[in-house]
Number of protein chains: 2
Amino acid sequence: MTIKDIAKECGVGVGTVSRVLNGQAGVSEAMREKVQQVIDKYDFVLNQNAKLLKEQERHTILILVKGMSSILLNSLLECIQKRFEELPYTADVVVLDEYENEAQYACRIFYARKPIGIVFLGGTPDVYKDDFAKLKVPCVLISNQAHSVNNSNLSSISIDDCGGSSFTAEFLIKNGHRQIGVIGGELESSELSRRRYQSFLTVLESHGIPFDFEKQYVAAKYSFEGGAQAAKKLLDQVPNISAIFTMADVMAIGAMRTLADRGYSVPRDISVTGFDGLEISQYCTPRLTTIRQKTDLLAEQGLALLLKSITEKAPNNHILIPFEFIEGESVSNVR
Amino acid sequence: MTIKDIAKECGVGVGTVSRVLNGQAGVSEAMREKVQQVIDKYDFVLNQNAKLLKEQERHTILILVKGMSSILLNSLLECIQKRFEELPYTADVVVLDEYENEAQYACRIFYARKPIGIVFLGGTPDVYKDDFAKLKVPCVLISNQAHSVNNSNLSSISIDDCGGSSFTAEFLIKNGHRQIGVIGGELESSELSRRRYQSFLTVLESHGIPFDFEKQYVAAKYSFEGGAQAAKKLLDQVPNISAIFTMADVMAIGAMRTLADRGYSVPRDISVTGFDGLEISQYCTPRLTTIRQKTDLLAEQGLALLLKSITEKAPNNHILIPFEFIEGESVSNVR
DNA sequence: CTGTTAGCGCTTTCAA
DNA sequence: TTGAAAGCGCTAACAG
C-alpha cells in the first residue's frame, strides 16, 4: 500500500494525497475529505524512508544514551521523551554500551541519518575530546560539562558539581565530621569526578582538615557494587572515619550495604552522603542525605538549548543548573 | 556526499562502489582496494534512508519499551541491545509512555517502517487484546504472557508467575506467617496481578489460612510510592499482619519505607517479600527475599523466539522461564 | 569484473 | 485547485 494506491482509489494524483497527508494547503475541502476517507479506511501511513529520503531527513533528533544502567539517565530519557510529544521533531533513541566512544558513533551516524541535532545523555567529553570536537551538527550534552571541548556546535548542561560537593562538605563539617572518606570515580579519566573531588577538598582545607588521598579516597565504578567494594577498602584503610562522601547515590547505597554487613549503623556509627537524588534515595533506609539533580530541568533546558541552536542558530552555551540539597537521615551530628 | 561522488572520484560506476560498501562479491581485489581508499578518505557512510527504501527495509527489528521507569525493563533492554551486536539486524528502540496503547502503536509504525519483527518490552496484552490480535509481523512479548491473545504472530516469554507466588507463599507459611497482607496491581485490569494473586491465594487455602480480600489485599502502582502508600493502607486495615507479600521489588522497598516510618523493624516485626530480583533488592537493608526474574534468559530466549519466527517461520510459542528464589533477610521465622 | 539503469515511495516544482 | 513528472541516494538486474 503506497500513496499511489490511495491516489488511484480516489481517482486523484499522488500530489493531492501527499498534500492531504501532510496537512498542507492547496486542496479543496471536498477533495480533502474524500481522500482522508480512503486514508482512514486503510489506516494508511506514509513510508518514513521514502519521506525522509526525499526531505533529506531534517526532522530527526538523535538521542544517544550512554549505558542504560544508570538510573539517572533513565529518568532523564523519560523527561526528554515526554517533551518530544509537543515538538515537530522525531526522536531517535540509540543506546550505546558504556565503554563505547559516543562521539565517534555520533559522527558516523550523522552521515548515515543526517539528524538535525544530537542529544547526548551521559557521555564523557574529557575522554573523547577529539571526537567531540568533530561534531558538525548542533549537539547538547546533558548531565556533564563540555567546557573543555572546543566545539562551537556543542552545548552542555549539567548540575553545579562544585557547589553540590562544597555544600556537602560544609554540611558534614558543620555536623562535626573530620575524618571523612571519599568514594568517587577514577580521577585520571573523569573530569567530573575531579571537579567534585577538588571542591570537596578545598572546603576541607579551608577548615584546616587534613586529607590523605592515598588512604581516604577510593575510586570505584558508579554502581551499587562499586560503592560496596570501595567501602570495604575504605574501612580497611581508615577504620576511624565518621563519614563517607560518595559521588553517586548508587555508590552510597552500595556503601551502606557494606557498612551494614560489617555491623555499622548508619548514621549512628558512620554517616553517608550521596549525589544525584534518585528516587530510590528517599526510599532506602535510612533516607540518603544527597544532592539532587533536577532531571526535569536538565532535560527541559538541555533540549531548549539544542532547539535554539537549531532554529535560531544560537551559539553554543554551557549551563550549570543549581543543585538541591536533600537532607535525609544518613548523616548524624557528632559534635 | 553520495555514492555517486565516490564513484566519480574513483572513476568507476556506482554499482561497484555499492558492492564494495556492502562487502559483496564480484569486485576485483585491486578495484576494491582503490574504492575503499576513497571511502575511507571521506569517512563515507551510506544514506540509510535510501538504502532501506530500496531494500524495503527488512533489517529493522523494532523494540517497543513500555515506560522507561521500570528498572526491570531497563536491564532487559540492556541485555537485548547487547545481543544485537552479533545480529544482522538493526534495533530501533522506541519508548512509549506507560499509558499508551503499545499494540496500536506497533500496528501504525509497522506500516511506516516495515520492521521485520517487533519486540515488546513490557506490555499488557490483556488490556489491548484486540490490537495485539492485529499484529502482522512476528512479535514477541518479553516479561508478560500473551496466551490470551489469539494471534499466531505473537510469541511471549515470561517468568513463571504462579510458581514464584506459590513458592513465596509456602515459604512465608513455613516460617509461621498466617496473617499476610498482599500488595499487588489492580486485579481487574492486570492479568499478571491476577495470576500472582490466585497462586498465592491457592496456597493459603490449601493450608487452611483465611484471607479477607477486602482488607488484606491492597492494589497499587508498580512503584516505590505505590508500595509505600499501599503499606499505609494495609497497616491501617490489618494492624496485626506479620508479613507482606508484594508483587514487585519496588513495591516492597516502598512498603519497607513505610514500615520504618511507622516504627516497625523488618523483618523482626513484619516480614516483607518482593518480586523481580532487581539488583537494588540485594543492596537495600535488609536484603529482600524475592523472586528473581532472569533477565538475561528472558532477553536471550525471547529474542531467539522472534528470530526463529522470522527466519524459520516457526509457529508462535509461549514460554515460561523458571523463577529463582532469593532468600534475603527480610523474612523472619515467627513459629 | 564492471558500468548502466530502472525503480523503491515520497515531496515538490511546474503546468494546466 | 489539481495532476504530471523530476528526482532524493541507493540496490540489483542486466548488459557488456
# chains A, B, ... in the order shown; residues from 1 in each chain; ligands from 1
>>> select_by_dssp(residues="range 46-91 of chain A", states="helix (DSSP H, G or I)", output="ChimeraX atom specification")
/A:48-55,71-84
>>> select_by_dssp(residues="range 1-230 of chain B", states="strand (DSSP E)", output="MDAnalysis selection string")
chainID B and resid 60:66 90:96 117:121 139:142 154:159 180:184 217:219
>>> interface_residues(of="chain C", to="chain A", cutoff="12 Å", atoms="only C-alpha atoms (C1' of nucleotides)", output="CSV table (one decimal) with N, CA and C atoms (P, O5', C5', C4', C3', O3' and C1' of nucleotides), in the first residue's frame")
chain,number,residue,atom,x,y,z
C,8,DC,P,8.7,0.8,-8.2
C,8,DC,O5',9.3,0.9,-6.7
C,8,DC,C5',9.8,-0.3,-6.0
C,8,DC,C4',10.4,0.2,-4.8
C,8,DC,C3',9.6,1.3,-4.1
C,8,DC,O3',8.8,0.7,-3.1
C,8,DC,C1',11.9,1.9,-4.2
C,9,DG,P,7.2,0.8,-3.1
C,9,DG,O5',7.0,2.3,-2.5
C,9,DG,C5',7.5,2.5,-1.1
C,9,DG,C4',7.4,4.0,-0.8
C,9,DG,C3',6.0,4.6,-1.1
C,9,DG,O3',5.7,5.4,0.1
C,9,DG,C1',7.7,5.8,-2.2
C,10,DC,P,4.5,6.3,0.2
C,10,DC,O5',5.2,7.7,0.0
C,10,DC,C5',6.1,8.2,1.0
C,10,DC,C4',6.9,9.4,0.5
C,10,DC,C3',6.1,10.6,0.2
C,10,DC,O3',6.1,11.5,1.4
C,10,DC,C1',7.7,10.2,-1.5
C,11,DT,P,5.3,12.8,1.4
C,11,DT,O5',6.2,13.8,0.6
C,11,DT,C5',7.4,14.3,1.2
C,11,DT,C4',8.1,15.3,0.3
C,11,DT,C3',7.4,16.6,0.1
C,11,DT,O3',8.4,17.6,0.2
C,11,DT,C1',7.7,15.6,-2.0
C,12,DT,P,8.0,19.1,0.4
C,12,DT,O5',8.4,19.8,-0.9
C,12,DT,C5',9.5,19.3,-1.7
C,12,DT,C4',9.4,19.8,-3.1
C,12,DT,C3',8.6,21.1,-3.3
C,12,DT,O3',9.2,21.9,-4.2
C,12,DT,C1',7.7,19.4,-4.7
C,13,DT,P,9.2,23.5,-4.1
C,13,DT,O5',8.1,23.9,-5.1
C,13,DT,C5',8.4,24.7,-6.2
C,13,DT,C4',9.1,23.9,-7.3
C,13,DT,C3',8.7,24.5,-8.6
C,13,DT,O3',9.9,24.8,-9.4
C,13,DT,C1',8.0,22.2,-8.5
>>> residues_around(residues="range 89-96 of chain B", least_positions_apart="6", cutoff="8 Å", atoms="only C-alpha atoms (C1' of nucleotides)", output="PyMOL selection string")
(chain A and resi 81+92-94) or (chain B and resi 59-68+81+102)
>>> write_last_selection(atoms="N, CA and C atoms", output="compact mmCIF listing (two decimals), in the first residue's frame")
# COMPACT_ATOMS: atom_id res chain seq x y z
N GLN A 81 11.70 12.27 26.36
CA GLN A 81 10.70 11.64 25.50
C GLN A 81 9.37 12.39 25.62
N ASP A 92 15.04 9.84 17.81
CA ASP A 92 15.58 8.52 17.52
C ASP A 92 16.50 8.15 18.67
N VAL A 93 16.12 7.13 19.38
CA VAL A 93 16.92 6.75 20.55
C VAL A 93 17.91 5.65 20.21
N VAL A 94 19.13 5.85 20.56
CA VAL A 94 20.13 4.81 20.38
C VAL A 94 20.85 4.62 21.71
N HIS B 59 15.48 -5.12 7.64
CA HIS B 59 16.58 -5.36 8.56
C HIS B 59 16.30 -4.86 9.95
N THR B 60 15.23 -4.13 10.07
CA THR B 60 14.99 -3.48 11.35
C THR B 60 14.09 -4.32 12.24
N ILE B 61 14.50 -4.44 13.46
CA ILE B 61 13.63 -5.04 14.46
C ILE B 61 13.29 -3.92 15.43
N LEU B 62 12.00 -3.75 15.60
CA LEU B 62 11.54 -2.67 16.45
C LEU B 62 11.50 -3.13 17.90
N ILE B 63 11.98 -2.30 18.78
CA ILE B 63 11.89 -2.62 20.19
C ILE B 63 11.03 -1.59 20.88
N LEU B 64 9.86 -2.00 21.28
CA LEU B 64 8.94 -1.08 21.93
C LEU B 64 9.04 -1.24 23.43
N VAL B 65 9.49 -0.22 24.09
CA VAL B 65 9.61 -0.28 25.54
C VAL B 65 8.45 0.47 26.16
N LYS B 66 7.74 -0.20 27.02
CA LYS B 66 6.56 0.40 27.62
C LYS B 66 6.92 1.05 28.94
N GLY B 67 7.23 2.35 28.89
CA GLY B 67 7.55 3.04 30.14
C GLY B 67 8.98 2.78 30.57
N MET B 68 9.74 3.83 30.64
CA MET B 68 11.15 3.69 30.94
C MET B 68 11.38 3.57 32.43
N GLN B 81 20.02 -5.16 23.76
CA GLN B 81 20.92 -4.33 22.96
C GLN B 81 22.24 -5.05 22.73
N GLU B 102 0.39 0.16 23.31
CA GLU B 102 1.59 -0.25 22.59
C GLU B 102 1.28 -1.06 21.34
>>> interface_residues(of="chain D", to="chain A", cutoff="8 Å", atoms="only C-alpha atoms (C1' of nucleotides)", output="list of chain:residue names")
D:DT1, D:DT2, D:DG3, D:DC8, D:DG9
>>> write_last_selection(atoms="N, CA and C atoms (P, O5', C5', C4', C3', O3' and C1' of nucleotides)", output="compact mmCIF listing (two decimals), in the first residue's frame")
# COMPACT_ATOMS: atom_id res chain seq x y z
P DT D 1 -7.59 26.62 -3.24
O5' DT D 1 -7.76 25.50 -4.37
C5' DT D 1 -9.05 25.00 -4.67
C4' DT D 1 -8.89 24.02 -5.79
C3' DT D 1 -8.30 22.67 -5.38
O3' DT D 1 -9.15 21.67 -5.90
C1' DT D 1 -7.08 23.56 -7.20
P DT D 2 -8.91 20.17 -5.52
O5' DT D 2 -7.86 19.77 -6.61
C5' DT D 2 -8.31 19.13 -7.79
C4' DT D 2 -7.17 19.02 -8.76
C3' DT D 2 -6.27 17.81 -8.57
O3' DT D 2 -6.80 16.75 -9.34
C1' DT D 2 -5.12 19.75 -9.37
P DG D 3 -6.09 15.33 -9.22
O5' DG D 3 -4.98 15.45 -10.36
C5' DG D 3 -5.42 15.75 -11.68
C4' DG D 3 -4.23 15.70 -12.62
C3' DG D 3 -3.41 14.42 -12.55
O3' DG D 3 -3.00 14.09 -13.87
C1' DG D 3 -2.04 16.27 -11.99
P DC D 8 18.71 14.29 -7.43
O5' DC D 8 18.44 13.88 -5.92
C5' DC D 8 18.02 14.81 -4.93
C4' DC D 8 17.60 14.02 -3.72
C3' DC D 8 18.52 12.85 -3.42
O3' DC D 8 19.46 13.24 -2.42
C1' DC D 8 16.18 12.20 -3.32
P DG D 9 21.01 13.08 -2.70
O5' DG D 9 21.25 11.54 -2.40
C5' DG D 9 21.01 11.05 -1.11
C4' DG D 9 21.10 9.54 -1.14
C3' DG D 9 22.40 8.97 -1.72
O3' DG D 9 22.88 8.00 -0.82
C1' DG D 9 20.54 8.03 -2.81
>>> residues_around(residues="range 262-278 of chain B", least_positions_apart="5", cutoff="9 Å", atoms="only C-alpha atoms (C1' of nucleotides)", output="ChimeraX atom specification")
/B:71-72,75,164-165,168,172,177,232,241-253,255-257,285-286,288-294,324-326,328-334
>>> closest_residue(among="A:Gln36, A:Asn175, A:Gln145, A:Gln104", to="chain B", atoms="only C-alpha atoms")
A:Gln104
>>> residues_around(residues="Cys162 in chain B", least_positions_apart="6", cutoff="7 Å", atoms="only C-alpha atoms (C1' of nucleotides)", output="mmCIF file with C-alpha atoms, in the first residue's frame")
data_model
loop_
_atom_site.group_PDB
_atom_site.id
_atom_site.type_symbol
_atom_site.label_atom_id
_atom_site.label_comp_id
_atom_site.auth_asym_id
_atom_site.auth_seq_id
_atom_site.Cartn_x
_atom_site.Cartn_y
_atom_site.Cartn_z
ATOM 1 C CA ARG B 195 -2.118 -14.815 38.225
ATOM 2 C CA ARG B 196 0.208 -13.932 41.054
ATOM 3 C CA SER B 199 -1.480 -18.746 43.042
#
>>> closest_residue(among="B:Cys284, B:Ile116, B:Val140, B:Ile321", to="chain A", atoms="only C-alpha atoms")
B:Cys284
>>> closest_residue(among="B:Gln229, B:Asn101, B:Ser189, B:Asn74", to="chain A", atoms="only C-alpha atoms")
B:Asn74
>>> atom_distance(atom1="CA of Val127 in chain A", atom2="CA of Gly184 in chain A")
16.8 Å
>>> residues_around(residues="DT5 in chain C", least_positions_apart="2", cutoff="10 Å", atoms="only C-alpha atoms (C1' of nucleotides)", output="number ranges by chain")
C: 3, 7; D: 13-14
>>> write_last_selection(atoms="N, CA and C atoms (P, O5', C5', C4', C3', O3' and C1' of nucleotides)", output="mmCIF file, in the first residue's frame")
data_model
loop_
_atom_site.group_PDB
_atom_site.id
_atom_site.type_symbol
_atom_site.label_atom_id
_atom_site.label_comp_id
_atom_site.auth_asym_id
_atom_site.auth_seq_id
_atom_site.Cartn_x
_atom_site.Cartn_y
_atom_site.Cartn_z
ATOM 1 P P DG C 3 33.459 0.544 -13.514
ATOM 2 O "O5'" DG C 3 32.212 0.785 -14.469
ATOM 3 C "C5'" DG C 3 32.427 0.804 -15.874
ATOM 4 C "C4'" DG C 3 31.105 0.933 -16.594
ATOM 5 C "C3'" DG C 3 30.269 2.144 -16.153
ATOM 6 O "O3'" DG C 3 29.724 2.745 -17.322
ATOM 7 C "C1'" DG C 3 29.030 0.128 -15.849
ATOM 8 P P DG C 7 11.171 0.416 -14.270
ATOM 9 O "O5'" DG C 7 11.308 1.828 -13.521
ATOM 10 C "C5'" DG C 7 10.511 2.095 -12.382
ATOM 11 C "C4'" DG C 7 11.005 1.269 -11.201
ATOM 12 C "C3'" DG C 7 10.444 1.793 -9.892
ATOM 13 O "O3'" DG C 7 10.067 0.710 -9.088
ATOM 14 C "C1'" DG C 7 12.811 1.867 -9.858
ATOM 15 P P DA D 13 18.594 -8.974 -8.397
ATOM 16 O "O5'" DA D 13 17.889 -9.005 -9.826
ATOM 17 C "C5'" DA D 13 16.939 -7.999 -10.169
ATOM 18 C "C4'" DA D 13 17.202 -7.526 -11.595
ATOM 19 C "C3'" DA D 13 17.707 -8.630 -12.532
ATOM 20 O "O3'" DA D 13 17.026 -8.527 -13.771
ATOM 21 C "C1'" DA D 13 19.223 -6.819 -12.527
ATOM 22 P P DC D 14 17.240 -9.636 -14.889
ATOM 23 O "O5'" DC D 14 18.107 -8.807 -15.927
ATOM 24 C "C5'" DC D 14 17.739 -7.470 -16.224
ATOM 25 C "C4'" DC D 14 18.836 -6.837 -17.052
ATOM 26 C "C3'" DC D 14 19.452 -7.778 -18.079
ATOM 27 O "O3'" DC D 14 19.382 -7.169 -19.356
ATOM 28 C "C1'" DC D 14 21.139 -6.692 -16.817
#
>>> atom_distance(atom1="CA of Leu87 in chain B", atom2="CA of Lys114 in chain B")
18.1 Å
>>> closest_residue(among="A:Phe224, A:Phe120, A:Phe211, A:Phe200", to="Phe132 in chain A", atoms="only C-alpha atoms")
A:Phe120
>>> atom_distance(atom1="CA of Gly226 in chain A", atom2="CA of Val149 in chain A")
28.4 Å
>>> residues_around(residues="Leu192 in chain A", least_positions_apart="6", cutoff="9 Å", atoms="only C-alpha atoms (C1' of nucleotides)", output="VMD selection string")
chain A and resid 124 126 144 to 145 161 185
>>> closest_residue(among="A:Ser70, A:Thr202, A:Asn153, A:Ser148", to="chain B", atoms="only C-alpha atoms")
A:Ser70
>>> closest_residue(among="B:Gly11, B:His207, B:Ala260, B:Ile6", to="Asp43 in chain B", atoms="only C-alpha atoms")
B:Ile6
>>> decode(residues="range 68-151 of chain A", atoms="C-alpha atoms", output="mmCIF file, in the first residue's frame")
data_model
loop_
_atom_site.group_PDB
_atom_site.id
_atom_site.type_symbol
_atom_site.label_atom_id
_atom_site.label_comp_id
_atom_site.auth_asym_id
_atom_site.auth_seq_id
_atom_site.Cartn_x
_atom_site.Cartn_y
_atom_site.Cartn_z
ATOM 1 C CA MET A 68 21.252 2.066 30.104
ATOM 2 C CA SER A 69 22.312 1.027 33.573
ATOM 3 C CA SER A 70 22.341 4.482 35.015
ATOM 4 C CA ILE A 71 19.096 5.212 36.753
ATOM 5 C CA LEU A 72 19.797 8.907 36.378
ATOM 6 C CA LEU A 73 19.921 8.711 32.601
ATOM 7 C CA ASN A 74 16.705 6.766 32.582
ATOM 8 C CA SER A 75 14.744 9.456 34.280
ATOM 9 C CA LEU A 76 16.410 11.958 32.017
ATOM 10 C CA LEU A 77 15.388 9.984 28.962
ATOM 11 C CA GLU A 78 11.868 9.759 30.230
ATOM 12 C CA CYS A 79 11.626 13.525 30.634
ATOM 13 C CA ILE A 80 13.003 14.108 27.174
ATOM 14 C CA GLN A 81 10.697 11.642 25.502
ATOM 15 C CA LYS A 82 7.790 13.414 27.066
ATOM 16 C CA ARG A 83 8.887 16.798 25.753
ATOM 17 C CA PHE A 84 9.124 15.433 22.239
ATOM 18 C CA GLU A 85 5.428 14.866 22.034
ATOM 19 C CA GLU A 86 4.911 18.581 21.545
ATOM 20 C CA LEU A 87 7.866 19.022 19.246
ATOM 21 C CA PRO A 88 7.863 18.919 15.451
ATOM 22 C CA TYR A 89 10.793 16.545 15.525
ATOM 23 C CA THR A 90 11.186 12.834 15.755
ATOM 24 C CA ALA A 91 13.353 11.405 18.474
ATOM 25 C CA ASP A 92 15.582 8.523 17.523
ATOM 26 C CA VAL A 93 16.921 6.753 20.552
ATOM 27 C CA VAL A 94 20.134 4.815 20.383
ATOM 28 C CA VAL A 95 21.586 3.115 23.389
ATOM 29 C CA LEU A 96 25.327 2.702 23.492
ATOM 30 C CA ASP A 97 27.382 0.451 25.617
ATOM 31 C CA GLU A 98 29.141 2.089 28.494
ATOM 32 C CA TYR A 99 32.573 1.601 27.002
ATOM 33 C CA GLU A 100 31.789 2.847 23.512
ATOM 34 C CA ASN A 101 33.000 6.116 22.070
ATOM 35 C CA GLU A 102 29.767 8.035 21.817
ATOM 36 C CA ALA A 103 31.211 10.945 19.877
ATOM 37 C CA GLN A 104 32.716 8.762 17.214
ATOM 38 C CA TYR A 105 29.446 6.909 16.950
ATOM 39 C CA ALA A 106 27.627 10.212 16.591
ATOM 40 C CA CYS A 107 29.921 11.275 13.761
ATOM 41 C CA ARG A 108 29.319 8.055 11.891
ATOM 42 C CA ILE A 109 25.603 8.031 12.326
ATOM 43 C CA PHE A 110 25.450 11.661 11.316
ATOM 44 C CA TYR A 111 26.454 10.826 7.782
ATOM 45 C CA ALA A 112 24.005 7.999 7.537
ATOM 46 C CA ARG A 113 20.964 9.527 9.160
ATOM 47 C CA LYS A 114 21.515 13.228 8.866
ATOM 48 C CA PRO A 115 19.842 14.196 12.109
ATOM 49 C CA ILE A 116 19.167 17.848 12.663
ATOM 50 C CA GLY A 117 20.634 17.674 16.128
ATOM 51 C CA ILE A 118 22.016 15.285 18.682
ATOM 52 C CA VAL A 119 21.352 14.890 22.382
ATOM 53 C CA PHE A 120 23.967 13.099 24.442
ATOM 54 C CA LEU A 121 22.558 11.599 27.594
ATOM 55 C CA GLY A 122 25.594 10.944 29.668
ATOM 56 C CA GLY A 123 28.925 10.912 27.984
ATOM 57 C CA THR A 124 32.486 11.816 28.770
ATOM 58 C CA PRO A 125 33.765 14.685 26.652
ATOM 59 C CA ASP A 126 37.030 14.651 28.524
ATOM 60 C CA VAL A 127 37.743 11.134 27.324
ATOM 61 C CA TYR A 128 36.718 11.522 23.708
ATOM 62 C CA LYS A 129 37.611 15.165 23.353
ATOM 63 C CA ASP A 130 38.937 14.865 19.810
ATOM 64 C CA ASP A 131 35.845 13.142 18.537
ATOM 65 C CA PHE A 132 33.504 15.552 20.238
ATOM 66 C CA ALA A 133 35.375 18.335 18.506
ATOM 67 C CA LYS A 134 34.419 16.873 15.133
ATOM 68 C CA LEU A 135 30.664 17.058 15.595
ATOM 69 C CA LYS A 136 29.118 19.062 12.784
ATOM 70 C CA VAL A 137 25.500 19.453 13.906
ATOM 71 C CA PRO A 138 24.104 21.215 16.920
ATOM 72 C CA CYS A 139 24.624 18.940 19.894
ATOM 73 C CA VAL A 140 23.909 19.120 23.570
ATOM 74 C CA LEU A 141 25.430 17.056 26.292
ATOM 75 C CA ILE A 142 23.084 16.606 29.198
ATOM 76 C CA SER A 143 24.368 15.740 32.683
ATOM 77 C CA ASN A 144 28.019 16.551 32.166
ATOM 78 C CA GLN A 145 30.054 19.627 31.293
ATOM 79 C CA ALA A 146 31.659 20.063 27.897
ATOM 80 C CA HIS A 147 33.562 23.256 28.550
ATOM 81 C CA SER A 148 36.856 21.641 27.798
ATOM 82 C CA VAL A 149 35.833 20.626 24.293
ATOM 83 C CA ASN A 150 36.412 23.399 21.870
ATOM 84 C CA ASN A 151 33.460 22.949 19.543
#
